[in-house]
Amino acid sequence: MSLLRVGPSRTFVDGTVGYGGHAEAILQGSAPDGRLVGLDLDAEALAAAGERLAPFGERVVLVQASFRQLRDVLRAQAIREVDGVLLDLGVSSVQLDRRERGFRFAEETASETALDMRMDPSRGETAADLLAEASEETLADWFGRYGELPGSHRLARAIVEARREAPLRTAADLIRVTREARIGRGRRHHPATLVFQALRIAVNDELVALEEGLAAALSVLKPGGRLCVISYHSLEDRIVKQTFQREERGCICPPRDPICTCGRQPTLRRVHKRTVRPEPEELAANPRSRSARLRAAERLAA
Ligand SMILES: C[S@@+](CC[C@H](N)C(=O)[O-])C[C@H]1O[C@@H](n2cnc3c(N)ncnc32)[C@H](O)[C@@H]1O
C-alpha cells in the first residue's frame with residue numbers, strides 16, 4: 001500500500017482483483033473518497049469480490065476483463081488517468097484449490113483433475129484442447145520457452161504419440177506421459193510442475209498479456225503515479241524487470257550509435273532497484289507468498 005501511495009482523493013486500478021484482498025486494503029487506505037476500478041477475467045472471483053467490497057458503495061467498480069484492456073475499461077468509465085495500478089499476477093489461492101479448474105495437481109487426486117487452466121472458464125481453449133490440437137513443434141516451443149524445460153522436444157513427441165492412443169484429459173494423463181518421457185527427474189519440484197506451468201502460460205497467453213498490460217498501465221498513469229507488479233515466477237519477473245529498465249532508460253538506439261536519434265525520453269523511475277520479497281512473518285502466515293516478487297515504479301512527466 002505504501003509503494004502504491006494509497007491515499008484519499010486518488011484513483012487506483014487493481015488489474016487482478018481476485019477475491020478482493022488488495023482491493024479492500026486500497027479502498028480502506030484511500031477513504032473517504034478514493035476510487036478503485038477492479039478487473040479480473042474470472043467471473044466467480046469478481047462475484048466474491050463484489051460481496052466483499054459492497055460496503056465501499058460507489059467508490060468501487062468491478063469489470064470482467066483482462067488487464068490487457070485496462071485502457072478501454074477506464075475510458076468506458078470516463079476515467080482518463082489514474083494514480084496507481086496494481087497487478088498481482090497468476091492464479092489466486094481459491095483458483096488453485098478448486099480441482100475442476102485444473103491449476104494444481106496432486107498425485108492423489110490427479111485422475112480427477114481436469115486439464116482446464118483457463119482464467120476465464122467461459123471462453124477459450126482448455127489445456128486438454130491445446131494438448132489435443134497443437135503441433136509437436138508448437139508443444140516443444142511452449143515447453144522450452146514457458147517451462148524452460150530440458151527435454152521439451154522429447155516431451156512434445158511423447159504427447160503426440162500418446163494422444164494417438166487416447167486424448168489426454170486429466171492431470172494424471174499428463175503426469176504419466178511426463179514420466180514416460182523421463183522429464184525433470186532429480187529436480188527439486190515434482191517433474192510435472194514446469195510442464196503444468198508452461199501449459200497454463202500457453203492457455204492464457206500470459207506473457208503477451210503481461211507485456212500488453214504493462215504498456216496499458218503506463219499509458220494511463222499520471223505523472224507521479226505508481227505501478228506495482230507482483231510476479232511469481234522468473235519468466236514474468238523478467239518481463240517486468242526488462243520493461244522497467246527499458247522505460248527508465250528511454251533511448252532505444254543501438255549501443256554502437258554515437259548519438260541518440262530515437263529521441264525517446266525515460267517514462268519511469270524505479271522505486272526500488274531490486275525486488276521486494278516477503279518478510280519472514282508473511283512467509284510463516286502465508287507460505288504461498290514464498291515465490292512472490294514485487295517491483296514498483298513511478299511514472300515520470302511525459
Ligand atoms: C494472485 S490472484 C490476485 C489475488 C488478489 N490480489 C486478491 O487480493 O485476492 C491473480 C488474479 O488475476 C486474475 N488474472 C490473471 N490474468 C489476468 C488478466 N490477464 N487480466 C485480469 N485478471 C487476470 C486471476 O483470475 C486471479 O484472480
# chains A, B, ... in the order shown; residues from 1 in each chain; ligands from 1
call {"tool": "residues_around", "arguments": {"residues": "Leu115 of chain A", "least_positions_apart": "6", "cutoff": "6 Å", "atoms": "only C-alpha atoms", "output": "PyMOL selection string"}}
result
chain A and resi 102+127-128+169-171
call {"tool": "write_last_selection", "arguments": {"atoms": "N, CA and C atoms", "output": "mmCIF file, in the first residue's frame"}}
result
data_model
loop_
_atom_site.group_PDB
_atom_site.id
_atom_site.type_symbol
_atom_site.label_atom_id
_atom_site.label_comp_id
_atom_site.auth_asym_id
_atom_site.auth_seq_id
_atom_site.Cartn_x
_atom_site.Cartn_y
_atom_site.Cartn_z
ATOM 1 N N GLY A 102 -8.190 -27.097 -12.573
ATOM 2 C CA GLY A 102 -7.018 -27.783 -13.130
ATOM 3 C C GLY A 102 -5.713 -27.010 -13.017
ATOM 4 N N ALA A 127 -6.500 -26.536 -21.517
ATOM 5 C CA ALA A 127 -5.200 -27.197 -21.673
ATOM 6 C C ALA A 127 -5.383 -28.516 -22.432
ATOM 7 N N ALA A 128 -6.472 -29.243 -22.146
ATOM 8 C CA ALA A 128 -6.715 -30.507 -22.852
ATOM 9 C C ALA A 128 -6.895 -30.255 -24.349
ATOM 10 N N ARG A 169 -6.774 -36.164 -20.887
ATOM 11 C CA ARG A 169 -7.897 -35.403 -20.319
ATOM 12 C C ARG A 169 -7.639 -34.926 -18.900
ATOM 13 N N THR A 170 -6.844 -35.716 -18.147
ATOM 14 C CA THR A 170 -6.665 -35.373 -16.732
ATOM 15 C C THR A 170 -5.196 -35.119 -16.422
ATOM 16 N N ALA A 171 -4.979 -34.522 -15.230
ATOM 17 C CA ALA A 171 -3.605 -34.287 -14.785
ATOM 18 C C ALA A 171 -2.841 -35.608 -14.729
#
call {"tool": "residues_near_ligand", "arguments": {"ligand": "ligand 1", "cutoff": "6 Å", "atoms": "only C-alpha atoms and all ligand atoms", "output": "list of chain:residue names"}}
result
A:Gly15, A:Thr16, A:Val17, A:Gly18, A:Tyr19, A:Gly20, A:Gly21, A:His22, A:Leu39, A:Asp40, A:Leu41, A:Asp42, A:Ala65, A:Ser66, A:Phe67, A:Asp88, A:Leu89, A:Gly90, A:Val91, A:Ser92, A:Met119, A:Ala209
call {"tool": "residues_around", "arguments": {"residues": "Gln265 of chain A", "least_positions_apart": "6", "cutoff": "9 Å", "atoms": "only C-alpha atoms", "output": "VMD selection string"}}
result
chain A and resid 247 to 251 302
call {"tool": "residues_around", "arguments": {"residues": "Asp205 of chain A", "least_positions_apart": "6", "cutoff": "12 Å", "atoms": "only C-alpha atoms", "output": "list in words"}}
result
Ser66, Arg68, Gly90, Met117, Arg118, Met119, Gly124, Glu125, Thr126, Ala127, Trp142, Tyr146, Gln197, Ala198, Leu199, Glu211, Glu212, Gly213 and Glu236 of chain A
call {"tool": "write_last_selection", "arguments": {"atoms": "C-alpha atoms", "output": "compact mmCIF listing (two decimals), in the first residue's frame"}}
result
# COMPACT_ATOMS: atom_id res chain seq x y z
CA SER A 66 -8.26 -8.68 -18.95
CA ARG A 68 -4.76 -6.01 -21.42
CA GLY A 90 -1.01 -15.59 -11.77
CA MET A 117 -6.39 -23.98 -16.61
CA ARG A 118 -8.40 -21.10 -18.13
CA MET A 119 -8.54 -17.92 -16.04
CA GLY A 124 -11.13 -20.04 -24.99
CA GLU A 125 -9.43 -23.39 -25.29
CA THR A 126 -8.58 -25.58 -22.32
CA ALA A 127 -5.20 -27.20 -21.67
CA TRP A 142 5.88 -23.92 -25.25
CA TYR A 146 7.36 -21.26 -20.91
CA GLN A 197 3.41 -24.01 -15.72
CA ALA A 198 4.16 -23.99 -19.46
CA LEU A 199 0.66 -25.14 -20.35
CA GLU A 211 3.52 -7.11 -21.84
CA GLU A 212 0.29 -5.54 -23.08
CA GLY A 213 -0.95 -4.97 -19.53
CA GLU A 236 7.00 -12.96 -15.53
call {"tool": "closest_atom_pairs", "arguments": {"of": "segment 82-121 of chain A", "to": "segment 190-195 of chain A", "cutoff": "12 Å", "atoms": "only C-alpha atoms", "output": "CSV"}}
result
residue,atom,partner,partner_atom,distance
A:Phe103,CA,A:Thr193,CA,10.5
A:Arg104,CA,A:Thr193,CA,8.8
A:Phe105,CA,A:Thr193,CA,8.5
A:Ala106,CA,A:His190,CA,9.5
A:Glu107,CA,A:His190,CA,9.6
A:Ala110,CA,A:Ala192,CA,11.4
A:Leu115,CA,A:Val195,CA,11.9
call {"tool": "write_last_selection", "arguments": {"atoms": "all heavy atoms", "output": "PDB file, in the first residue's frame"}}
result
ATOM      1  N   PHE A 103      -5.624 -26.017 -12.105  1.00  0.00           N
ATOM      2  CA  PHE A 103      -4.396 -25.232 -11.986  1.00  0.00           C
ATOM      3  C   PHE A 103      -3.319 -25.947 -11.180  1.00  0.00           C
ATOM      4  O   PHE A 103      -2.151 -25.641 -11.277  1.00  0.00           O
ATOM      5  CB  PHE A 103      -4.676 -23.885 -11.310  1.00  0.00           C
ATOM      6  CG  PHE A 103      -5.380 -22.903 -12.201  1.00  0.00           C
ATOM      7  CD1 PHE A 103      -6.634 -22.423 -11.883  1.00  0.00           C
ATOM      8  CD2 PHE A 103      -4.778 -22.457 -13.364  1.00  0.00           C
ATOM      9  CE1 PHE A 103      -7.280 -21.514 -12.698  1.00  0.00           C
ATOM     10  CE2 PHE A 103      -5.413 -21.554 -14.189  1.00  0.00           C
ATOM     11  CZ  PHE A 103      -6.667 -21.080 -13.855  1.00  0.00           C
ATOM     12  N   ARG A 104      -3.749 -26.858 -10.332  1.00  0.00           N
ATOM     13  CA  ARG A 104      -2.786 -27.515  -9.447  1.00  0.00           C
ATOM     14  C   ARG A 104      -3.027 -29.009  -9.544  1.00  0.00           C
ATOM     15  O   ARG A 104      -4.156 -29.454  -9.701  1.00  0.00           O
ATOM     16  CB  ARG A 104      -3.032 -27.064  -8.009  1.00  0.00           C
ATOM     17  CG  ARG A 104      -1.943 -27.466  -7.060  1.00  0.00           C
ATOM     18  CD  ARG A 104      -2.067 -26.658  -5.814  1.00  0.00           C
ATOM     19  NE  ARG A 104      -3.323 -26.935  -5.119  1.00  0.00           N
ATOM     20  CZ  ARG A 104      -3.393 -27.562  -3.956  1.00  0.00           C
ATOM     21  NH1 ARG A 104      -2.315 -27.987  -3.359  1.00  0.00           N
ATOM     22  NH2 ARG A 104      -4.554 -27.754  -3.372  1.00  0.00           N
ATOM     23  N   PHE A 105      -1.967 -29.750  -9.442  1.00  0.00           N
ATOM     24  CA  PHE A 105      -2.170 -31.192  -9.472  1.00  0.00           C
ATOM     25  C   PHE A 105      -1.540 -31.788  -8.226  1.00  0.00           C
ATOM     26  O   PHE A 105      -0.539 -31.278  -7.723  1.00  0.00           O
ATOM     27  CB  PHE A 105      -1.525 -31.799 -10.720  1.00  0.00           C
ATOM     28  CG  PHE A 105      -0.036 -31.604 -10.733  1.00  0.00           C
ATOM     29  CD1 PHE A 105       0.801 -32.572 -10.231  1.00  0.00           C
ATOM     30  CD2 PHE A 105       0.513 -30.435 -11.214  1.00  0.00           C
ATOM     31  CE1 PHE A 105       2.165 -32.367 -10.214  1.00  0.00           C
ATOM     32  CE2 PHE A 105       1.870 -30.228 -11.193  1.00  0.00           C
ATOM     33  CZ  PHE A 105       2.700 -31.190 -10.692  1.00  0.00           C
ATOM     34  N   ALA A 106      -2.169 -32.805  -7.693  1.00  0.00           N
ATOM     35  CA  ALA A 106      -1.590 -33.575  -6.600  1.00  0.00           C
ATOM     36  C   ALA A 106      -1.731 -35.027  -7.043  1.00  0.00           C
ATOM     37  O   ALA A 106      -2.761 -35.394  -7.623  1.00  0.00           O
ATOM     38  CB  ALA A 106      -2.375 -33.329  -5.316  1.00  0.00           C
ATOM     39  N   GLU A 107      -0.685 -35.818  -6.816  1.00  0.00           N
ATOM     40  CA  GLU A 107      -0.694 -37.203  -7.303  1.00  0.00           C
ATOM     41  C   GLU A 107      -1.988 -37.925  -6.902  1.00  0.00           C
ATOM     42  O   GLU A 107      -2.599 -38.604  -7.711  1.00  0.00           O
ATOM     43  CB  GLU A 107       0.501 -37.975  -6.736  1.00  0.00           C
ATOM     44  CG  GLU A 107       1.836 -37.548  -7.323  1.00  0.00           C
ATOM     45  CD  GLU A 107       2.162 -38.266  -8.627  1.00  0.00           C
ATOM     46  OE1 GLU A 107       1.344 -39.088  -9.075  1.00  0.00           O
ATOM     47  OE2 GLU A 107       3.233 -37.964  -9.188  1.00  0.00           O
ATOM     48  N   ALA A 110      -4.944 -36.620  -9.033  1.00  0.00           N
ATOM     49  CA  ALA A 110      -4.655 -36.234 -10.425  1.00  0.00           C
ATOM     50  C   ALA A 110      -5.634 -36.846 -11.419  1.00  0.00           C
ATOM     51  O   ALA A 110      -5.949 -36.238 -12.436  1.00  0.00           O
ATOM     52  CB  ALA A 110      -3.217 -36.619 -10.781  1.00  0.00           C
ATOM     53  N   LEU A 115      -7.815 -31.123 -17.176  1.00  0.00           N
ATOM     54  CA  LEU A 115      -6.783 -30.223 -17.714  1.00  0.00           C
ATOM     55  C   LEU A 115      -7.485 -29.011 -18.333  1.00  0.00           C
ATOM     56  O   LEU A 115      -7.701 -28.955 -19.531  1.00  0.00           O
ATOM     57  CB  LEU A 115      -5.940 -30.966 -18.752  1.00  0.00           C
ATOM     58  CG  LEU A 115      -4.992 -32.022 -18.171  1.00  0.00           C
ATOM     59  CD1 LEU A 115      -4.404 -32.889 -19.274  1.00  0.00           C
ATOM     60  CD2 LEU A 115      -3.884 -31.366 -17.368  1.00  0.00           C
TER      61      LEU A 115
END
call {"tool": "residues_around", "arguments": {"residues": "Ala217 of chain A", "least_positions_apart": "3", "cutoff": "8 Å", "atoms": "only C-alpha atoms", "output": "ChimeraX atom specification"}}
result
/A:70-71,85,213-214,220-221,227
call {"tool": "residues_around", "arguments": {"residues": "Ala292 of chain A", "least_positions_apart": "4", "cutoff": "9 Å", "atoms": "only C-alpha atoms", "output": "list in words"}}
result
Ile230, Ser231, Tyr232, His233, Val276, Arg277, Pro278 and Arg288 of chain A
call {"tool": "select_by_dssp", "arguments": {"residues": "segment 92-206 of chain A", "states": "helix (DSSP H, G or I)", "output": "PyMOL selection string"}}
result
chain A and resi 93-97+99-101+107-112+127-133+136-147+152-165+171-180+193-204+206
call {"tool": "write_last_selection", "arguments": {"atoms": "C-alpha atoms", "output": "compact mmCIF listing (two decimals), in the first residue's frame"}}
result
# COMPACT_ATOMS: atom_id res chain seq x y z
CA SER A 93 -5.37 -19.44 -3.80
CA VAL A 94 -9.06 -20.14 -4.40
CA GLN A 95 -8.44 -20.95 -8.06
CA LEU A 96 -5.52 -23.20 -7.07
CA ASP A 97 -7.66 -25.08 -4.58
CA ARG A 99 -9.79 -29.04 -8.50
CA GLU A 100 -12.09 -28.57 -11.50
CA ARG A 101 -10.04 -25.55 -12.64
CA GLU A 107 -0.69 -37.20 -7.30
CA GLU A 108 -3.57 -38.46 -5.11
CA THR A 109 -6.28 -36.56 -6.99
CA ALA A 110 -4.66 -36.23 -10.43
CA SER A 111 -7.04 -38.68 -12.08
CA GLU A 112 -9.98 -36.41 -11.13
CA ALA A 127 -5.20 -27.20 -21.67
CA ALA A 128 -6.71 -30.51 -22.85
CA ASP A 129 -7.78 -28.82 -26.14
CA LEU A 130 -4.27 -27.48 -26.70
CA LEU A 131 -2.69 -30.87 -25.92
CA ALA A 132 -5.05 -32.47 -28.44
CA GLU A 133 -4.54 -29.94 -31.24
CA GLU A 136 4.67 -31.23 -31.99
CA GLU A 137 6.78 -28.14 -32.81
CA THR A 138 4.38 -25.81 -31.01
CA LEU A 139 4.26 -28.05 -27.93
CA ALA A 140 8.07 -28.24 -27.85
CA ASP A 141 8.26 -24.46 -28.20
CA TRP A 142 5.88 -23.92 -25.25
CA PHE A 143 7.66 -26.40 -23.00
CA GLY A 144 11.02 -24.86 -23.92
CA ARG A 145 10.03 -21.20 -23.61
CA TYR A 146 7.36 -21.26 -20.91
CA GLY A 147 8.68 -24.16 -18.82
CA SER A 152 10.98 -30.26 -24.32
CA HIS A 153 11.19 -31.94 -27.75
CA ARG A 154 11.13 -35.39 -26.18
CA LEU A 155 8.04 -34.48 -24.19
CA ALA A 156 6.27 -32.98 -27.22
CA ARG A 157 6.91 -36.17 -29.20
CA ALA A 158 5.68 -38.32 -26.29
CA ILE A 159 2.45 -36.29 -26.11
CA VAL A 160 1.82 -36.62 -29.84
CA GLU A 161 2.37 -40.39 -29.60
CA ALA A 162 0.19 -40.74 -26.50
CA ARG A 163 -2.72 -38.77 -27.99
CA ARG A 164 -2.85 -41.15 -30.98
CA GLU A 165 -3.93 -43.80 -28.47
CA ALA A 171 -3.61 -34.29 -14.78
CA ALA A 172 -2.85 -37.99 -14.27
CA ASP A 173 -2.65 -38.49 -18.07
CA LEU A 174 -0.13 -35.66 -18.39
CA ILE A 175 1.91 -36.79 -15.38
CA ARG A 176 2.12 -40.31 -16.87
CA VAL A 177 3.42 -39.04 -20.23
CA THR A 178 5.86 -36.67 -18.47
CA ARG A 179 7.21 -39.62 -16.52
CA GLU A 180 7.44 -41.84 -19.57
CA THR A 193 5.48 -28.74 -12.25
CA LEU A 194 7.19 -26.94 -15.12
CA VAL A 195 5.06 -28.80 -17.67
CA PHE A 196 1.92 -27.50 -15.96
CA GLN A 197 3.41 -24.01 -15.72
CA ALA A 198 4.16 -23.99 -19.46
CA LEU A 199 0.66 -25.14 -20.35
CA ARG A 200 -1.01 -22.58 -18.10
CA ILE A 201 1.01 -19.79 -19.70
CA ALA A 202 0.05 -21.06 -23.16
CA VAL A 203 -3.67 -21.47 -22.33
CA ASN A 204 -3.94 -17.88 -21.05
CA GLU A 206 0.07 -14.96 -20.04
call {"tool": "atom_distance", "arguments": {"atom1": "atom CA of Leu3 of chain A", "atom2": "atom CA of Gly29 of chain A"}}
result
12.3 Å
call {"tool": "closest_residue", "arguments": {"among": "A:Leu218, A:Cys253, A:Ala31, A:Val37", "to": "Arg269 of chain A", "atoms": "only C-alpha atoms"}}
result
A:Leu218
call {"tool": "residues_around", "arguments": {"residues": "Glu24 of chain A", "least_positions_apart": "3", "cutoff": "12 Å", "atoms": "only C-alpha atoms", "output": "CSV table (one decimal) with N, CA and C atoms, in the first residue's frame"}}
result
chain,number,residue,atom,x,y,z
A,1,MET,N,0.8,-1.2,0.0
A,1,MET,CA,0.0,0.0,0.0
A,1,MET,C,0.9,1.2,0.0
A,6,VAL,N,-1.1,4.7,-1.6
A,6,VAL,CA,-2.6,4.8,-1.4
A,6,VAL,C,-3.0,5.9,-0.5
A,12,PHE,N,-7.4,4.3,-8.3
A,12,PHE,CA,-6.5,3.2,-8.5
A,12,PHE,C,-7.1,2.2,-9.3
A,14,ASP,N,-6.9,-2.0,-9.7
A,14,ASP,CA,-6.4,-3.3,-9.3
A,14,ASP,C,-6.7,-4.2,-10.6
A,17,VAL,N,-8.1,-8.3,-9.5
A,17,VAL,CA,-8.8,-8.0,-8.2
A,17,VAL,C,-9.0,-9.3,-7.5
A,18,GLY,N,-9.1,-10.5,-8.2
A,18,GLY,CA,-9.3,-11.8,-7.5
A,18,GLY,C,-10.4,-11.7,-6.5
A,19,TYR,N,-10.1,-12.1,-5.2
A,19,TYR,CA,-11.1,-12.2,-4.2
A,19,TYR,C,-11.1,-10.9,-3.4
A,20,GLY,N,-10.4,-9.9,-3.8
A,20,GLY,CA,-10.6,-8.5,-3.3
A,20,GLY,C,-9.7,-8.2,-2.1
A,21,GLY,N,-8.7,-9.0,-1.8
A,21,GLY,CA,-7.9,-8.7,-0.6
A,21,GLY,C,-7.1,-7.4,-0.7
A,27,LEU,N,-9.1,0.4,-0.8
A,27,LEU,CA,-10.3,1.2,-0.5
A,27,LEU,C,-10.2,1.7,0.9
A,28,GLN,N,-9.8,0.9,1.8
A,28,GLN,CA,-9.7,1.4,3.2
A,28,GLN,C,-8.6,2.5,3.3
A,29,GLY,N,-7.5,2.3,2.6
A,29,GLY,CA,-6.4,3.3,2.7
A,29,GLY,C,-6.7,4.6,1.9
A,30,SER,N,-7.7,4.5,1.1
A,30,SER,CA,-8.0,5.8,0.3
A,30,SER,C,-9.3,6.4,0.7
A,31,ALA,N,-9.8,6.0,1.9
A,31,ALA,CA,-11.1,6.6,2.4
A,31,ALA,C,-10.8,8.1,2.7
A,34,GLY,N,-11.4,7.9,-2.1
A,34,GLY,CA,-10.6,7.3,-3.2
A,34,GLY,C,-11.5,6.3,-4.0
A,35,ARG,N,-11.1,6.1,-5.2
A,35,ARG,CA,-11.9,5.2,-6.1
A,35,ARG,C,-11.0,4.1,-6.6
A,36,LEU,N,-11.7,3.0,-6.9
A,36,LEU,CA,-10.9,1.8,-7.4
A,36,LEU,C,-11.7,1.2,-8.5
A,37,VAL,N,-11.0,0.9,-9.6
A,37,VAL,CA,-11.6,0.0,-10.7
A,37,VAL,C,-10.9,-1.3,-10.6
A,38,GLY,N,-11.6,-2.4,-10.4
A,38,GLY,CA,-11.0,-3.7,-10.3
A,38,GLY,C,-11.4,-4.5,-11.5
A,49,ALA,N,-15.6,-10.9,-4.9
A,49,ALA,CA,-15.0,-9.6,-4.6
A,49,ALA,C,-16.1,-8.5,-4.5
A,50,GLY,N,-17.2,-8.7,-5.3
A,50,GLY,CA,-18.3,-7.7,-5.3
A,50,GLY,C,-18.9,-7.7,-3.9
A,51,GLU,N,-19.1,-8.9,-3.3
A,51,GLU,CA,-19.7,-9.0,-2.0
A,51,GLU,C,-18.8,-8.4,-0.9
A,52,ARG,N,-17.6,-8.7,-1.0
A,52,ARG,CA,-16.6,-8.3,0.0
A,52,ARG,C,-16.5,-6.7,-0.1
A,53,LEU,N,-16.6,-6.2,-1.3
A,53,LEU,CA,-16.3,-4.7,-1.4
A,53,LEU,C,-17.6,-3.9,-1.4
A,54,ALA,N,-18.8,-4.6,-1.2
A,54,ALA,CA,-20.0,-3.9,-1.3
A,54,ALA,C,-20.1,-2.7,-0.3
A,55,PRO,N,-19.5,-2.8,0.9
A,55,PRO,CA,-19.6,-1.7,1.9
A,55,PRO,C,-19.0,-0.4,1.3
A,56,PHE,N,-18.1,-0.5,0.3
A,56,PHE,CA,-17.5,0.7,-0.2
A,56,PHE,C,-18.4,1.4,-1.3
A,57,GLY,N,-19.5,0.8,-1.6
A,57,GLY,CA,-20.5,1.5,-2.4
A,57,GLY,C,-19.9,1.9,-3.8
A,59,ARG,N,-17.6,3.8,-4.6
A,59,ARG,CA,-16.2,4.1,-4.7
A,59,ARG,C,-15.5,3.0,-5.5
A,60,VAL,N,-16.2,1.9,-5.7
A,60,VAL,CA,-15.6,0.8,-6.4
A,60,VAL,C,-16.4,0.3,-7.6
call {"tool": "select_by_dssp", "arguments": {"residues": "segment 104-271 of chain A", "states": "strand (DSSP E)", "output": "list in words"}}
result
Leu221, Lys222, Pro223, Gly224, Gly225, Arg226, Leu227, Cys228, Val229, Ile230, Ser231, Leu268, Arg269 and Arg270 of chain A
call {"tool": "closest_residue", "arguments": {"among": "A:Arg226, A:Arg293, A:His272, A:Arg5", "to": "Glu81 of chain A", "atoms": "only C-alpha atoms"}}
result
A:Arg226
call {"tool": "atom_distance", "arguments": {"atom1": "atom CA of Cys262 of chain A", "atom2": "atom CA of Val208 of chain A"}}
result
24.7 Å
